[in-house]
>>> print(open('structure_32.csv').read())   # CSV, C-alpha atoms and all ligand atoms
chain,number,residue,atom,x,y,z
I,75,MET,CA,0.0,0.0,0.0
I,76,PHE,CA,2.9,2.3,-0.8
I,77,GLY,CA,1.8,6.0,-0.9
I,78,GLU,CA,-1.6,5.2,0.7
I,79,THR,CA,-2.5,6.6,4.1
I,80,GLU,CA,-5.6,4.5,4.6
I,81,TYR,CA,-6.0,0.7,4.3
I,82,ASP,CA,-8.6,-0.4,1.8
I,83,PRO,CA,-9.7,-4.1,2.5
I,84,VAL,CA,-11.4,-4.3,-0.9
I,85,ARG,CA,-8.2,-3.7,-2.8
I,86,GLN,CA,-5.8,-6.5,-3.1
I,87,PHE,CA,-2.1,-5.7,-2.9
I,88,SER,CA,0.4,-8.2,-4.2
I,89,SER,CA,4.0,-8.2,-3.3
I,90,VAL,CA,6.9,-10.7,-2.9
I,91,PRO,CA,6.1,-12.9,0.1
I,92,ILE,CA,7.9,-11.7,3.3
I,93,GLU,CA,9.7,-15.0,3.8
I,94,GLU,CA,11.1,-14.8,0.3
I,95,GLN,CA,12.3,-11.3,1.0
I,96,LEU,CA,14.0,-12.3,4.2
I,97,ASP,CA,15.5,-15.4,2.6
I,98,ALA,CA,17.2,-13.2,-0.1
I,99,LEU,CA,18.2,-10.5,2.5
I,100,GLY,CA,19.6,-13.2,4.8
I,101,ARG,CA,21.8,-14.6,2.0
I,102,ALA,CA,23.0,-11.0,1.2
I,103,VAL,CA,24.0,-10.6,4.9
I,104,ASP,CA,25.7,-14.0,5.0
I,105,ALA,CA,27.7,-13.1,1.8
I,106,GLY,CA,28.8,-9.8,3.5
I,107,LYS,CA,27.1,-7.7,0.9
I,108,ILE,CA,25.0,-5.9,3.6
I,109,ARG,CA,25.3,-5.7,7.3
I,110,TYR,CA,21.8,-4.9,8.6
I,111,ILE,CA,18.3,-4.7,7.2
I,112,GLY,CA,15.5,-2.2,7.7
I,113,LEU,CA,12.1,-1.5,6.3
I,114,SER,CA,10.6,1.7,4.7
I,115,ASN,CA,7.1,3.2,4.7
I,116,GLU,CA,6.1,0.4,6.9
I,117,THR,CA,3.0,-0.2,9.1
I,118,PRO,CA,2.9,-1.9,12.6
I,119,TYR,CA,1.4,-5.0,10.9
I,120,GLY,CA,4.4,-5.1,8.5
I,121,VAL,CA,7.0,-4.6,11.2
I,122,MET,CA,5.5,-7.4,13.3
I,123,LYS,CA,5.2,-9.8,10.4
I,124,PHE,CA,8.9,-9.4,9.5
I,125,LEU,CA,9.9,-9.9,13.1
I,126,HIS,CA,7.6,-12.9,13.4
I,127,PHE,CA,9.2,-14.7,10.5
I,128,ALA,CA,12.7,-13.8,11.7
I,129,GLU,CA,12.0,-15.2,15.1
I,130,ASN,CA,10.9,-18.5,13.7
I,131,ASN,CA,13.8,-19.0,11.3
I,132,VAL,CA,17.4,-18.5,12.3
I,133,ARG,CA,18.4,-17.9,8.7
I,134,TYR,CA,16.3,-14.8,8.5
I,135,PRO,CA,17.8,-11.5,9.7
I,136,LYS,CA,16.0,-9.3,12.2
I,137,ILE,CA,15.1,-5.8,11.0
I,138,ILE,CA,16.8,-3.0,13.0
I,139,SER,CA,15.4,0.1,11.5
I,140,VAL,CA,12.4,1.7,9.7
I,141,GLN,CA,12.6,4.6,7.3
I,142,ASN,CA,9.2,6.4,7.5
I,143,SER,CA,8.4,10.1,7.1
I,144,TYR,CA,8.8,12.1,10.3
I,145,SER,CA,8.6,15.9,10.7
I,146,LEU,CA,6.6,18.5,12.5
I,147,LEU,CA,4.0,18.1,9.8
I,148,CYS,CA,4.0,14.2,9.8
I,149,ARG,CA,4.0,12.5,13.2
I,150,THR,CA,2.0,9.4,12.2
I,151,PHE,CA,5.0,7.2,13.4
I,152,ASP,CA,4.1,8.2,17.0
I,153,SER,CA,1.0,5.9,17.2
I,154,GLY,CA,1.2,2.2,16.5
I,155,MET,CA,4.7,2.3,14.9
I,156,ALA,CA,6.3,3.9,17.9
I,157,GLU,CA,4.9,1.2,20.2
I,158,CYS,CA,6.2,-1.6,18.0
I,159,CYS,CA,9.6,0.0,17.6
I,160,HIS,CA,10.0,0.7,21.3
I,161,HIS,CA,9.2,-2.8,22.4
I,162,GLU,CA,11.1,-4.5,19.6
I,163,ARG,CA,14.2,-2.2,19.8
I,164,ILE,CA,13.9,-0.9,16.3
I,165,TYR,CA,14.9,2.7,15.5
I,166,LEU,CA,13.4,5.3,13.1
I,167,LEU,CA,15.4,6.8,10.3
I,168,GLY,CA,12.9,9.6,9.8
I,169,TYR,CA,12.9,11.0,6.3
I,170,SER,CA,11.8,14.5,5.0
I,171,PRO,CA,12.4,16.3,8.3
I,172,LEU,CA,12.0,19.6,6.6
I,173,ALA,CA,8.8,18.5,4.8
I,174,MET,CA,10.6,19.0,1.5
I,175,GLY,CA,11.8,22.5,2.5
I,176,ILE,CA,8.3,23.8,3.6
I,177,LEU,CA,9.4,24.0,7.3
I,178,SER,CA,12.1,26.5,6.4
I,179,GLY,CA,9.2,28.9,5.8
I,180,LYS,CA,10.3,29.9,2.3
I,181,TYR,CA,7.1,28.9,0.5
I,182,PHE,CA,5.0,31.2,2.7
I,183,ALA,CA,7.4,34.2,2.4
I,184,SER,CA,6.2,37.2,0.3
I,185,ASP,CA,8.2,36.0,-2.7
I,186,GLY,CA,6.8,32.4,-2.5
I,187,ALA,CA,10.3,30.8,-2.4
I,188,PRO,CA,13.0,30.8,-5.2
I,189,SER,CA,12.0,29.5,-8.6
I,190,ASP,CA,14.5,26.7,-8.2
I,191,ALA,CA,13.0,25.4,-4.9
I,192,ARG,CA,11.7,21.9,-5.4
I,193,LEU,CA,8.0,22.6,-5.2
I,194,ASN,CA,8.3,25.5,-7.6
I,195,LEU,CA,10.8,23.9,-10.0
I,196,PHE,CA,8.7,20.7,-10.4
I,197,LYS,CA,5.3,22.3,-10.1
I,198,GLY,CA,2.6,20.1,-11.7
I,199,ARG,CA,5.2,17.3,-12.4
I,200,TYR,CA,5.8,16.0,-8.9
I,201,SER,CA,2.9,13.9,-7.9
I,202,GLU,CA,4.3,12.5,-4.6
I,203,GLY,CA,5.5,16.0,-3.5
I,204,GLU,CA,2.3,17.8,-4.4
I,205,SER,CA,-0.1,15.3,-3.0
I,206,ARG,CA,1.6,14.9,0.4
I,207,TYR,CA,2.9,18.5,0.6
I,208,SER,CA,0.2,20.4,-1.2
I,209,LEU,CA,0.9,24.1,-0.5
I,210,THR,CA,-2.7,25.0,-1.0
I,211,ARG,CA,-3.8,22.7,1.9
I,212,ASN,CA,-5.0,25.1,4.6
I,213,THR,CA,-3.9,23.0,7.5
I,214,LEU,CA,-0.4,22.7,6.1
I,215,LYS,CA,-0.1,26.4,5.8
I,216,LEU,CA,-1.7,27.2,9.2
I,217,ALA,CA,0.5,24.6,11.0
I,218,THR,CA,3.7,25.8,9.3
I,219,MET,CA,3.0,29.4,10.2
I,220,GLU,CA,2.5,28.4,13.8
I,221,TYR,CA,5.8,26.5,13.8
I,222,LEU,CA,7.5,29.5,12.3
I,223,GLY,CA,6.0,31.6,15.1
I,224,ILE,CA,7.5,29.2,17.7
I,225,ALA,CA,10.9,29.5,16.1
I,226,GLU,CA,10.7,33.3,16.2
I,227,LYS,CA,9.4,33.3,19.8
I,228,TYR,CA,12.4,31.3,21.0
I,229,GLY,CA,15.0,32.9,18.6
I,230,ILE,CA,15.7,29.6,16.8
I,231,HIS,CA,16.1,29.2,13.0
I,232,PRO,CA,13.0,27.4,11.5
I,233,VAL,CA,15.3,24.7,10.0
I,234,SER,CA,16.8,24.2,13.5
I,235,LEU,CA,13.4,23.8,15.1
I,236,ALA,CA,12.4,21.3,12.4
I,237,ILE,CA,15.6,19.2,12.6
I,238,ALA,CA,15.9,19.4,16.4
I,239,PHE,CA,12.3,18.3,16.8
I,240,VAL,CA,13.0,15.1,14.9
I,241,LEU,CA,16.4,14.3,16.6
I,242,ASN,CA,14.8,14.9,20.0
I,243,HIS,CA,12.6,11.8,19.6
I,244,PRO,CA,13.9,9.0,21.7
I,245,LEU,CA,13.2,6.4,19.0
I,246,VAL,CA,14.9,8.4,16.2
I,247,ALA,CA,18.4,7.0,15.4
I,248,SER,CA,18.9,9.6,12.6
I,249,THR,CA,17.1,11.7,10.1
I,250,VAL,CA,17.3,11.4,6.3
I,251,PHE,CA,17.4,15.0,4.9
I,252,GLY,CA,18.1,16.6,1.6
I,253,VAL,CA,19.9,19.7,0.5
I,254,THR,CA,20.5,21.4,-2.9
I,255,LYS,CA,22.9,24.1,-1.8
I,256,SER,CA,26.0,24.0,0.5
I,257,TRP,CA,24.5,26.8,2.7
I,258,GLN,CA,21.5,24.5,3.3
I,259,LEU,CA,23.8,21.8,4.5
I,260,GLU,CA,25.4,24.2,6.9
I,261,GLU,CA,22.0,25.2,8.3
I,262,VAL,CA,21.0,21.6,8.8
I,263,ILE,CA,24.3,20.5,10.4
I,264,SER,CA,24.2,23.4,12.8
I,265,ALA,CA,20.6,22.4,13.7
I,266,CYS,CA,21.9,19.1,15.0
I,267,ASN,CA,23.4,21.0,18.0
I,268,VAL,CA,20.1,22.7,19.0
I,269,ALA,CA,18.4,21.4,22.1
I,270,LEU,CA,14.7,22.0,22.6
I,271,THR,CA,13.4,22.9,26.0
I,272,SER,CA,10.3,21.3,27.5
I,273,GLU,CA,8.6,24.7,27.0
I,274,ILE,CA,9.3,24.6,23.3
I,275,ILE,CA,8.1,21.0,23.0
I,276,ALA,CA,4.9,21.9,24.8
I,277,ASP,CA,4.3,24.8,22.3
I,278,ILE,CA,5.0,22.4,19.4
I,279,ASN,CA,2.5,19.8,20.9
I,280,LYS,CA,-0.2,22.5,21.2
I,281,VAL,CA,0.1,23.2,17.4
I,282,HIS,CA,0.2,19.4,16.7
I,283,ALA,CA,-3.1,19.0,18.7
I,284,LYS,CA,-4.7,21.8,16.6
I,285,PHE,CA,-3.3,20.5,13.2
I,286,PRO,CA,-2.4,16.9,13.5
I,287,ASN,CA,-0.3,15.5,10.6
I,288,PRO,CA,-1.2,17.9,7.8
I,289,CYS,CA,1.2,15.8,5.6
I,290,PRO,CA,0.5,12.2,6.7
P,1,LIG,N1,11.6,5.9,1.9
P,1,LIG,C1,10.9,6.8,1.2
P,1,LIG,O1,9.8,6.5,0.6
P,1,LIG,C2,11.4,8.2,1.0
P,1,LIG,C3,10.5,9.2,0.6
P,1,LIG,C4,11.0,10.5,0.6
P,1,LIG,C5,12.4,10.8,0.9
P,1,LIG,N2,13.2,9.7,1.2
P,1,LIG,C6,14.6,9.9,1.5
P,1,LIG,O2,14.8,11.0,2.3
P,1,LIG,C7,15.7,11.9,1.7
P,1,LIG,C8,15.3,13.3,2.1
P,1,LIG,O3,14.0,13.6,1.7
P,1,LIG,P1,13.6,15.1,1.4
P,1,LIG,O4,14.5,15.7,0.3
P,1,LIG,O5,12.2,15.2,1.2
P,1,LIG,O6,14.0,15.8,2.8
P,1,LIG,P2,13.8,17.2,3.4
P,1,LIG,O7,15.1,17.4,4.3
P,1,LIG,O8,12.5,17.3,4.1
P,1,LIG,O9,13.8,18.3,2.2
P,1,LIG,C9,15.0,18.6,1.6
P,1,LIG,C10,14.8,19.8,0.7
P,1,LIG,O10,14.5,20.9,1.4
P,1,LIG,C11,15.2,22.1,0.9
P,1,LIG,N3,16.1,22.6,1.9
P,1,LIG,C12,17.0,21.9,2.6
P,1,LIG,N4,17.6,22.6,3.5
P,1,LIG,C13,17.1,23.9,3.4
P,1,LIG,C14,17.3,25.1,4.1
P,1,LIG,N5,18.2,25.2,5.0
P,1,LIG,N6,16.5,26.2,3.7
P,1,LIG,C15,15.6,26.0,2.8
P,1,LIG,N7,15.3,24.9,2.1
P,1,LIG,C16,16.1,23.8,2.4
P,1,LIG,C17,16.0,21.6,-0.3
P,1,LIG,O11,15.2,21.6,-1.5
P,1,LIG,P3,15.1,22.9,-2.5
P,1,LIG,O12,16.5,23.6,-2.4
P,1,LIG,O13,14.8,22.4,-3.8
P,1,LIG,O14,14.0,23.8,-1.9
P,1,LIG,C18,16.1,20.1,0.0
P,1,LIG,O15,16.3,19.3,-1.1
P,1,LIG,C19,15.6,11.6,0.2
P,1,LIG,O16,16.7,12.0,-0.6
P,1,LIG,C20,15.4,10.1,0.2
P,1,LIG,O17,16.6,9.5,0.4
P,1,LIG,C21,12.7,8.4,1.3
>>> encode(input="structure_32.csv", output="structure tokens")
Amino acid sequence: MFGETEYDPVRQFSSVPIEEQLDALGRAVDAGKIRYIGLSNETPYGVMKFLHFAENNVRYPKIISVQNSYSLLCRTFDSGMAECCHHERIYLLGYSPLAMGILSGKYFASDGAPSDARLNLFKGRYSEGESRYSLTRNTLKLATMEYLGIAEKYGIHPVSLAIAFVLNHPLVASTVFGVTKSWQLEEVISACNVALTSEIIADINKVHAKFPNPCP
């Protein structure tokens, strides 16, 4: 159900059986081609199935990570996935921590972001980006503006707030971010040293309660 946010029992999804995947991955680990395995865009059901098969066959490797979206605008991991990962000692490699650049605030600035910014450059040609991160979605804009307000209130760069929020999560091992300019890389790297106080987290959680997961 890649790309779907709701499960539809009427639709049948076919994929390579999990045991077959684990068998192939186990052979790649044994051959020294890879060290560890993880899943991506996974659900609690998928995580538990992979673990179940690995527990019952010593030749199958145990997953150690999941790569799901995680940002101020997408905290869907925090429900069933977080519970599974906590109890099974699996860590999140949260991708798109800046919500594709939206959390920098540039798309809601008076100039609407540079023409070479991703959601402008590929406008109308980027279905994943535009469905999940539709700039015309009201809740996305309202939530982003409130997060920018929190950054301003505490004198933190918006990129720092977004990255520090993700890294602050106890189940996050790392975050998978993107940059197109070296100055962006510098902003993201310096964000890694920013610590969020409990006061800032409380303000963030208030916005999340008002606008939960505008980009699920
Ligand atoms: N498993 C999956 O299904 C999946 C899905 C999505 C992504 N991923 C992985 O996650 C990686 C990162 O995803 P992402 O690119 O969406 O992450 P992101 O970190 O949320 O967005 C990165 C984009 O934001 C803009 N940006 C970065 N720093 C900025 C700054 N300081 N100020 C303003 N804009 C800034 C840049 O684009 P512009 O310069 O063009 O604005 C950059 O390419 C991908 O490369 C991929 O490996 C995995």
>>> residues_around(input="structure_32.csv", residues="Gly100 in chain I", least_positions_apart="4", cutoff="8 Å", atoms="all atoms listed in the file", output="ChimeraX atom specification")
/I:96,104,133-135
>>> atom_distance(input="structure_32.csv", atom1="CA of Ala98 in chain I", atom2="CA of Ile164 in chain I")
20.8 Å
>>> closest_residue(input="structure_32.csv", among="I:Leu125, I:Ala225, I:Cys266, I:Leu245", to="Gly179 in chain I", atoms="all atoms listed in the file")
I:Ala225
>>> residues_around(input="structure_32.csv", residues="Phe124 in chain I", least_positions_apart="2", cutoff="12 Å", atoms="only C-alpha atoms", output="PyMOL selection string")
chain I and resi 91-97+99+111-113+116-122+126-131+134-140+158+162+164
>>> write_last_selection(input="structure_32.csv", atoms="C-alpha atoms", output="PDB file, in the coordinates of the input")
ATOM      1  CA  PRO I  91       6.100 -12.900   0.100  1.00  0.00           C
ATOM      2  CA  ILE I  92       7.900 -11.700   3.300  1.00  0.00           C
ATOM      3  CA  GLU I  93       9.700 -15.000   3.800  1.00  0.00           C
ATOM      4  CA  GLU I  94      11.100 -14.800   0.300  1.00  0.00           C
ATOM      5  CA  GLN I  95      12.300 -11.300   1.000  1.00  0.00           C
ATOM      6  CA  LEU I  96      14.000 -12.300   4.200  1.00  0.00           C
ATOM      7  CA  ASP I  97      15.500 -15.400   2.600  1.00  0.00           C
ATOM      8  CA  LEU I  99      18.200 -10.500   2.500  1.00  0.00           C
ATOM      9  CA  ILE I 111      18.300  -4.700   7.200  1.00  0.00           C
ATOM     10  CA  GLY I 112      15.500  -2.200   7.700  1.00  0.00           C
ATOM     11  CA  LEU I 113      12.100  -1.500   6.300  1.00  0.00           C
ATOM     12  CA  GLU I 116       6.100   0.400   6.900  1.00  0.00           C
ATOM     13  CA  THR I 117       3.000  -0.200   9.100  1.00  0.00           C
ATOM     14  CA  PRO I 118       2.900  -1.900  12.600  1.00  0.00           C
ATOM     15  CA  TYR I 119       1.400  -5.000  10.900  1.00  0.00           C
ATOM     16  CA  GLY I 120       4.400  -5.100   8.500  1.00  0.00           C
ATOM     17  CA  VAL I 121       7.000  -4.600  11.200  1.00  0.00           C
ATOM     18  CA  MET I 122       5.500  -7.400  13.300  1.00  0.00           C
ATOM     19  CA  HIS I 126       7.600 -12.900  13.400  1.00  0.00           C
ATOM     20  CA  PHE I 127       9.200 -14.700  10.500  1.00  0.00           C
ATOM     21  CA  ALA I 128      12.700 -13.800  11.700  1.00  0.00           C
ATOM     22  CA  GLU I 129      12.000 -15.200  15.100  1.00  0.00           C
ATOM     23  CA  ASN I 130      10.900 -18.500  13.700  1.00  0.00           C
ATOM     24  CA  ASN I 131      13.800 -19.000  11.300  1.00  0.00           C
ATOM     25  CA  TYR I 134      16.300 -14.800   8.500  1.00  0.00           C
ATOM     26  CA  PRO I 135      17.800 -11.500   9.700  1.00  0.00           C
ATOM     27  CA  LYS I 136      16.000  -9.300  12.200  1.00  0.00           C
ATOM     28  CA  ILE I 137      15.100  -5.800  11.000  1.00  0.00           C
ATOM     29  CA  ILE I 138      16.800  -3.000  13.000  1.00  0.00           C
ATOM     30  CA  SER I 139      15.400   0.100  11.500  1.00  0.00           C
ATOM     31  CA  VAL I 140      12.400   1.700   9.700  1.00  0.00           C
ATOM     32  CA  CYS I 158       6.200  -1.600  18.000  1.00  0.00           C
ATOM     33  CA  GLU I 162      11.100  -4.500  19.600  1.00  0.00           C
ATOM     34  CA  ILE I 164      13.900  -0.900  16.300  1.00  0.00           C
TER      35      ILE I 164
END
>>> residues_near_ligand(input="structure_32.csv", ligand="ligand LIG 1 (chain P)", cutoff="8 Å", atoms="all atoms listed in the file", output="MDAnalysis selection string")
chainID I and resid 114:115 141:143 145 168:180 187:188 190:193 195 233 250:255 257:262
>>> atom_distance(input="structure_32.csv", atom1="CA of Leu209 in chain I", atom2="CA of Ala247 in chain I")
29.2 Å
>>> atom_distance(input="structure_32.csv", atom1="CA of Tyr181 in chain I", atom2="CA of Leu146 in chain I")
15.9 Å
>>> closest_residue(input="structure_32.csv", among="I:Arg109, I:Arg206, I:Arg163, I:Arg101", to="Pro290 in chain I", atoms="all atoms listed in the file")
I:Arg206
>>> residues_around(input="structure_32.csv", residues="range 234-243 of chain I", least_positions_apart="2", cutoff="6 Å", atoms="all atoms listed in the file", output="ChimeraX atom specification")
/I:231-232,245-246,265,268
>>> residues_near_point(input="structure_32.csv", point="(0.2, 17.6, 14.9)", cutoff="9 Å", atoms="only C-alpha atoms", output="VMD selection string")
chain I and resid 146 to 150 217 278 to 288
